[in-house]
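Reading through the structure tokens given below for one structure.
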Amino acid sequence: MPNITLDEAERVVQAAKAKAMEMGVKLSISVVDARGDLICMVRMDGAPWRTPYVSRGKARAAACFGVPSNDLTERALQPVFRAVMEVEKGEFVPGQGALPIFKDGELIGACGGSGGTAQEDEDAARAGIEAL
């Protein structure tokens, strides 16, 4: 399984952080590999304490299913999905704010944000991914 490199993940985080600053929001931004394991994360000065966990959980959800985390929101109440969230002990967040990262058509990871509105979180993640 191909995965995002640390260098690539750092570029994503920096571009996402720049977008957050442009929007005037204080985010935590996480990049995970294709399996959902954390590669790097940044918590901007002033971002709420909970945002690192949420940004990682959104990114993990996007990576595990290969779709934007927002696409998973409606499924969140289904029994199988609830079981996945329980097994993952809160480290899986099916809410808007993360996008999968593809390279040459293959999933290599995901980027998630937390601290702004759900749309701002996703916009920052998109800007980070587009920097690749």
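Simple scheme: letters A, B, ... for chains in structure tokens order, numbers from 1 for residues in each chain, numbers from 1 for ligands in the order shown.
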
>> Can you pull out the residues contacting A:Val31? Cut-off 7 Å, using only C-alpha atoms, and skip same-chain residues under 5 positions away; I want them as an MDAnalysis selection string.
In response: chainID A and resid 9 38:41 59 110:112

>> If DSSP is run on the backbone, what residues of stretch 2-130 of chain A are alpha helix (DSSP H)? A reply as a VMD selection string would be ideal.
In response: chain A and resid 6 to 23 51 to 65 79 to 87 118 to 130

Could the residues in this selection be saved with C-alpha atoms as a PDB file, in the first residue's frame?
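Result file follows (part_23.pdb):
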ATOM      1  CA  LEU A   6       6.724  12.812   5.849  1.00  0.00           C
ATOM      2  CA  ASP A   7       7.978  15.473   3.420  1.00  0.00           C
ATOM      3  CA  GLU A   8       4.671  15.415   1.540  1.00  0.00           C
ATOM      4  CA  ALA A   9       2.674  15.489   4.780  1.00  0.00           C
ATOM      5  CA  GLU A  10       4.633  18.481   6.038  1.00  0.00           C
ATOM      6  CA  ARG A  11       3.934  20.349   2.785  1.00  0.00           C
ATOM      7  CA  VAL A  12       0.225  19.593   3.155  1.00  0.00           C
ATOM      8  CA  VAL A  13       0.206  20.863   6.750  1.00  0.00           C
ATOM      9  CA  GLN A  14       2.058  24.059   5.858  1.00  0.00           C
ATOM     10  CA  ALA A  15      -0.283  24.896   2.976  1.00  0.00           C
ATOM     11  CA  ALA A  16      -3.352  24.093   5.082  1.00  0.00           C
ATOM     12  CA  LYS A  17      -1.995  26.294   7.872  1.00  0.00           C
ATOM     13  CA  ALA A  18      -1.446  29.149   5.403  1.00  0.00           C
ATOM     14  CA  LYS A  19      -5.068  28.817   4.239  1.00  0.00           C
ATOM     15  CA  ALA A  20      -6.303  28.841   7.840  1.00  0.00           C
ATOM     16  CA  MET A  21      -4.332  32.022   8.500  1.00  0.00           C
ATOM     17  CA  GLU A  22      -5.785  33.574   5.345  1.00  0.00           C
ATOM     18  CA  MET A  23      -9.300  32.700   6.578  1.00  0.00           C
ATOM     19  CA  THR A  51      -8.964  20.195  17.929  1.00  0.00           C
ATOM     20  CA  PRO A  52      -5.934  17.873  17.552  1.00  0.00           C
ATOM     21  CA  TYR A  53      -8.086  14.839  18.394  1.00  0.00           C
ATOM     22  CA  VAL A  54     -10.924  15.898  16.117  1.00  0.00           C
ATOM     23  CA  SER A  55      -8.682  16.778  13.151  1.00  0.00           C
ATOM     24  CA  ARG A  56      -6.965  13.412  13.412  1.00  0.00           C
ATOM     25  CA  GLY A  57     -10.289  11.576  13.744  1.00  0.00           C
ATOM     26  CA  LYS A  58     -11.699  13.261  10.655  1.00  0.00           C
ATOM     27  CA  ALA A  59      -8.532  12.500   8.675  1.00  0.00           C
ATOM     28  CA  ARG A  60      -8.612   8.899   9.853  1.00  0.00           C
ATOM     29  CA  ALA A  61     -12.220   8.499   8.714  1.00  0.00           C
ATOM     30  CA  ALA A  62     -11.421   9.955   5.278  1.00  0.00           C
ATOM     31  CA  ALA A  63      -8.401   7.679   4.891  1.00  0.00           C
ATOM     32  CA  CYS A  64     -10.159   4.516   6.046  1.00  0.00           C
ATOM     33  CA  PHE A  65     -12.969   4.932   3.526  1.00  0.00           C
ATOM     34  CA  PRO A  79     -25.045  -0.149  13.499  1.00  0.00           C
ATOM     35  CA  VAL A  80     -21.903  -1.230  11.646  1.00  0.00           C
ATOM     36  CA  PHE A  81     -20.576   2.298  11.570  1.00  0.00           C
ATOM     37  CA  ARG A  82     -21.318   2.791  15.264  1.00  0.00           C
ATOM     38  CA  ALA A  83     -19.394  -0.413  15.953  1.00  0.00           C
ATOM     39  CA  VAL A  84     -16.382   0.919  14.010  1.00  0.00           C
ATOM     40  CA  MET A  85     -16.477   4.149  16.010  1.00  0.00           C
ATOM     41  CA  GLU A  86     -16.691   2.165  19.258  1.00  0.00           C
ATOM     42  CA  VAL A  87     -13.777  -0.094  18.320  1.00  0.00           C
ATOM     43  CA  ALA A 118     -16.781  22.427   9.159  1.00  0.00           C
ATOM     44  CA  GLN A 119     -16.444  24.161   5.772  1.00  0.00           C
ATOM     45  CA  GLU A 120     -13.357  26.115   6.900  1.00  0.00           C
ATOM     46  CA  ASP A 121     -11.795  22.896   8.170  1.00  0.00           C
ATOM     47  CA  GLU A 122     -12.399  21.252   4.791  1.00  0.00           C
ATOM     48  CA  ASP A 123     -11.225  24.312   2.846  1.00  0.00           C
ATOM     49  CA  ALA A 124      -7.909  24.293   4.731  1.00  0.00           C
ATOM     50  CA  ALA A 125      -7.496  20.553   4.109  1.00  0.00           C
ATOM     51  CA  ARG A 126      -8.221  21.062   0.406  1.00  0.00           C
ATOM     52  CA  ALA A 127      -5.636  23.860   0.152  1.00  0.00           C
ATOM     53  CA  GLY A 128      -3.082  21.611   1.811  1.00  0.00           C
ATOM     54  CA  ILE A 129      -3.750  18.739  -0.554  1.00  0.00           C
ATOM     55  CA  GLU A 130      -3.679  21.006  -3.582  1.00  0.00           C
TER      56      GLU A 130
END

> From the list A:Asn3, A:Ser114, A:Gln78, A:Asn70, which residue is nearest A:Met44 when using only C-alpha atoms?
Replying inline: A:Ser114

>> If I take atom CA of A:Ala131 and atom CA of A:Leu72, how far is one from the other in Å, to one decimal?
In response: 24.8 Å

>> From the options A:Gly95, A:Gly90, A:Pro100, A:Gly36, which residue's atoms come nearest to A:Arg75, counting only C-alpha atoms?
In response: A:Gly95

>> DSSP on the backbone: which residues in stretch 33-127 of chain A end up as strand (DSSP E)? Give the answer as a ChimeraX atom specification.
In response: /A:33,38-43,98-103,106-114

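Among the candidates A:Thr73, A:Val42, A:Pro2, A:Lys26, the one nearest to A:Phe92 when counting only C-alpha atoms is A:Thr73.
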
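Using only C-alpha atoms, the shortest contact distance between A:Ser30 and any of A:Ile108, A:Thr117, A:Ala98, A:Glu91 is found at A:Ala98.
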
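Distances from A:Ile4, A:Ala47, A:Gly113, A:Glu88 to A:Ser69 were compared using only C-alpha atoms, and the smallest one belongs to A:Gly113.
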
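With only C-alpha atoms as the atoms that count, the minimum distance from A:Pro48 to the choices A:Val67, A:Phe102, A:Gly116, A:Val32 is reached by A:Gly116.
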